[in-house]
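Working notes for the structure below.
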Amino acid sequence: MLHILGWPALAAAMIALPHGLSFSQQEILVFLTINVLLVTSYRLLTLTGEWSLGHVVMMGVGAYASALYTKELGIFVPLSMLLGAVTAALIALILSFPLLRMKGFYFLIGSFAAGEIIRLLWKRFRNPFGGPKGIKKIDPMPDFDAGFYSFDFFEPVSYYYFALVVVGVSLWIMWRIERSPVGLTFHAVHWQDKLAEAAGVNVRAYRTRAFVIASGFAGLSGTLLAHYIGTINPNSFDVEMMVFVLTWAIVGGTATFYGPIIGCIVLTILNEIVLREMGFEQMRPLIYGLLLICSVLFLPKGLESVVQGLLARRKDSPASGEEKA
Amino acid sequence: MTVPFLETDGLTMRFGGLTAVDGLSFKVEQGAIHGLIGPNGAGKTTTFNMISGFYKPTAGQVRLRGEVISGLAMYQVARRGVVRTFQHSTLFAELTVLENALVGTHMNFRPSIFAAITGRDAENRRGARVRAEETLDFFGLLGHAHERAGDLPHGHQRALGLAVAMAAHPEVMLLDEPFTGMNPEETNRMMALMFKLRDSGVTILIVEHDMHAIMGLCDRITVMNFGRLLTEGVPREIRAHPDVIEAYLGGGRHVA
């Protein structure tokens, strides 16, 4: 039952969702959708066991690339988004040569350094990156009349639907990759890279693949952001943002596909709705830090372990047994 | 002159000033179980690591059917049909038994990202699964297919280590001390598995301390001491060889 009705029901809920929200909440919903893509792409990278501190910068690479393609070359926006994602993937491919010589902690530090270098290049070169002020007046998505619905992409609801489709397709692709033999090989590389190599796995190539694909989707999330807010600067992609991504992933848990997504949604709701309403906005880094520590101490397997527990209990309960029969 | 199946030729490995293996040459016949033994520090494991591509030899060559395989990366050596196992229970402990075997099928059923997304790899996946299940069946592990590999008892974990290598369809299997930490019963069961492997056409090279297992198992034995070849022969000759006895038990010429 759940399998047949679950997806359409979820889709209907997602479509109906923005109509019950205020304008500012609708805007938050757009950012949330974009961040779900960002954090899911981050999980794809962690499948091979590598944690990067440069992932948000790869998002920025996509954003800058797409913004420049439309501004300087006049490329049609949806196409430039795809090109932005490809650019982020290519930059990741180049970076993989020095970075993936390292593993674990060294990779973490290396990715941070590489990310900072890219950010400094944006700051230093006014042309074409606009220096510290970044790029302004980025072309928006052109309006689009689909007959049944007229998309005006300055409206958060319209942009939310657009982002929802892009993110949905991206998540589906990443899900397919993870559930395939390729995903199994990623896991194998993570748990025992030497044994994987003895079985003929080109470990370096697989780590490169995960890094490039994850960066490509991060870049895609960056392009979604750039063409929505219309202005980006190097500080949009700084290490503070990276810490948020890490917090989502850690609080949510990275053992399942949905873990980081739950982390992202729960913390965004907490942050934007609870904290903002209560006027604690300024204390966000403090509260995030506290949450991170608490989740590591009391929920080391993340929020996903709570969901897994609930699902397991439902399976065990007699009610669902009857359903099956 | 026929080309030997697997041979090392003047294989040498130096770590700084220490020469761990010094000009070692020996040949392994196809379809044999070949033992590589020697006292601690004789350079067995170093030799093993050079053959499997884990180390790059300082000098000398390893050749498979005349093709030089030394100096290649481990996965490249594996793709030429020489697959190794590891000491202890090196497995993908977090994955299921079946998934472990599926990783072993990597070379024969190469995954592709694009086929995975579009769903055109169904045949490939089915083939890999059949191969993995056959291999698990061969080692008597099929009943445990969906258990977490890390939860298996010790003997089963060792057998699974062999299964992962076997799933790769190797011509040569390199076994690194497969009997370490096994009780006599487990050792006997493991020996039976190895005879079964050999009879299925796989050439086996074993590095091992356990003399009982080695003597009962091997068709030929190469003995090393201080990084050099000491002697070579069938188990009966090795057991009676004065140099071997001296190397293992110590003799007048080099009292510690």
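Residues in the structure tokens are named by chain (A, B, ... in the order shown) and by number from 1 within that chain; ligands are numbered from 1 in the order shown.
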
With a distance threshold of 8 Å and counting only C-alpha atoms, extract the residues of chain B near chain A and express them as a CSV table (one decimal) with N, CA and C atoms, in the first residue's frame.
chain,number,residue,atom,x,y,z
B,74,MET,N,48.0,-2.8,-7.3
B,74,MET,CA,47.4,-4.1,-6.9
B,74,MET,C,46.1,-4.4,-7.8
B,75,TYR,N,45.3,-3.4,-8.1
B,75,TYR,CA,44.1,-3.7,-8.9
B,75,TYR,C,44.5,-4.2,-10.3
B,76,GLN,N,45.6,-3.7,-10.8
B,76,GLN,CA,46.0,-4.1,-12.1
B,76,GLN,C,46.5,-5.6,-12.1
B,77,VAL,N,47.3,-5.9,-11.0
B,77,VAL,CA,47.7,-7.3,-10.9
B,77,VAL,C,46.5,-8.2,-10.8
B,78,ALA,N,45.5,-7.7,-10.0
B,78,ALA,CA,44.2,-8.5,-9.8
B,78,ALA,C,43.6,-8.7,-11.2
B,79,ARG,N,43.6,-7.7,-12.0
B,79,ARG,CA,42.9,-7.8,-13.3
B,79,ARG,C,43.6,-8.8,-14.3
B,83,VAL,N,44.9,-12.8,-7.5
B,83,VAL,CA,44.1,-12.1,-6.5
B,83,VAL,C,44.6,-12.6,-5.1
B,84,ARG,N,44.8,-11.7,-4.2
B,84,ARG,CA,45.3,-12.0,-2.9
B,84,ARG,C,44.2,-12.0,-1.8
B,85,THR,N,44.5,-12.6,-0.7
B,85,THR,CA,43.7,-12.4,0.5
B,85,THR,C,44.6,-11.8,1.5
B,86,PHE,N,44.0,-11.4,2.6
B,86,PHE,CA,44.8,-10.7,3.7
B,86,PHE,C,44.9,-11.5,4.9
B,90,THR,N,40.2,-9.8,7.2
B,90,THR,CA,40.0,-8.6,6.5
B,90,THR,C,38.8,-8.8,5.6
B,91,LEU,N,37.7,-8.1,6.0
B,91,LEU,CA,36.5,-8.2,5.2
B,91,LEU,C,35.8,-6.9,5.2
B,92,PHE,N,34.7,-6.7,4.4
B,92,PHE,CA,33.9,-5.6,4.6
B,92,PHE,C,32.9,-5.9,5.7
B,93,ALA,N,33.3,-5.6,6.9
B,93,ALA,CA,32.5,-6.1,8.1
B,93,ALA,C,31.1,-5.5,8.1
B,94,GLU,N,30.9,-4.3,7.6
B,94,GLU,CA,29.6,-3.6,7.7
B,94,GLU,C,28.7,-4.1,6.6
B,99,GLU,N,27.0,-9.2,-0.1
B,99,GLU,CA,27.6,-8.0,-0.7
B,99,GLU,C,29.1,-8.1,-0.8
B,103,VAL,N,31.2,-7.6,-4.2
B,103,VAL,CA,32.4,-6.8,-4.5
B,103,VAL,C,33.5,-7.6,-5.2
B,104,GLY,N,33.6,-8.9,-4.8
B,104,GLY,CA,34.6,-9.8,-5.4
B,104,GLY,C,34.3,-9.9,-6.9
B,105,THR,N,33.0,-9.8,-7.3
B,105,THR,CA,32.7,-10.0,-8.8
B,105,THR,C,33.0,-8.8,-9.6
B,106,HIS,N,33.6,-7.7,-9.0
B,106,HIS,CA,33.8,-6.4,-9.6
B,106,HIS,C,34.4,-6.5,-11.0
B,107,MET,N,35.5,-7.3,-11.1
B,107,MET,CA,36.2,-7.3,-12.3
B,107,MET,C,35.5,-8.0,-13.5
B,111,PRO,N,30.8,-2.5,-13.0
B,111,PRO,CA,29.6,-1.6,-12.9
B,111,PRO,C,29.8,-0.3,-13.7
B,112,SER,N,28.7,0.2,-14.2
B,112,SER,CA,28.8,1.5,-14.9
B,112,SER,C,27.8,2.5,-14.4
B,113,ILE,N,28.2,3.7,-14.2
B,113,ILE,CA,27.3,4.7,-13.6
B,113,ILE,C,26.1,5.0,-14.5
B,116,ALA,N,23.7,2.2,-14.5
B,116,ALA,CA,23.0,2.1,-13.3
B,116,ALA,C,21.9,3.1,-13.2
B,117,ILE,N,22.1,4.3,-13.7
B,117,ILE,CA,21.0,5.3,-13.7
B,117,ILE,C,19.9,5.0,-14.6
B,125,ARG,N,23.9,-7.2,-13.3
B,125,ARG,CA,23.7,-7.4,-11.9
B,125,ARG,C,23.3,-8.8,-11.7
B,164,VAL,N,35.5,-14.0,-1.3
B,164,VAL,CA,35.7,-12.7,-2.0
B,164,VAL,C,36.7,-12.8,-3.1
B,165,ALA,N,37.8,-13.5,-2.8
B,165,ALA,CA,38.9,-13.6,-3.8
B,165,ALA,C,38.4,-14.6,-4.9
B,168,ALA,N,36.2,-13.3,-7.8
B,168,ALA,CA,36.9,-12.6,-8.8
B,168,ALA,C,37.4,-13.5,-10.0

Exercise for review: Would you mind writing down, as a ChimeraX atom specification, each residue of stretch 34-276 of chain A that DSSP on the backbone assigns to helix (DSSP H, G or I)?
Suggested key: /A:34-46,55-73,77-99,104-124,126-129,131-133,156-178,181-191,193-198,203-229,234-237,239-252,259-276

Review point. Hey, which of A:Arg204, A:His55, A:His227, A:Arg101 ends up closest to A:Met141? Count only C-alpha atoms.
Key: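 Closest residue, counting only C-alpha atoms: A:His227.
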
Practice item. Using only C-alpha atoms, pick whichever of B:Glu147, B:Ser70, B:His154, B:Ala163 has the shortest atom-to-atom distance to B:Arg131. Key: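 When distances to B:Arg131 are compared using only C-alpha atoms, the smallest one comes from B:Ala163.
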
Review point. Running DSSP on the backbone, which parts of stretch 17-242 of chain B land in strand (DSSP E or B), as a ChimeraX atom specification?
Key: /B:18-28,33-37,59-64,67-68,82-84,96,148,172-176,203-207,220-225,228-233

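With only C-alpha atoms taken into account, the protein and nucleic acid residues at most 10 Å from A:Lys133 (excluding it and anything under 2 positions from it in its own chain) are A:Trp122, A:Lys123, A:Arg126, A:Phe129, A:Gly130, A:Gly131, A:Ile135, A:Lys136, A:Thr231, A:Ile232, A:Asn233, A:Pro234, A:Asn235.
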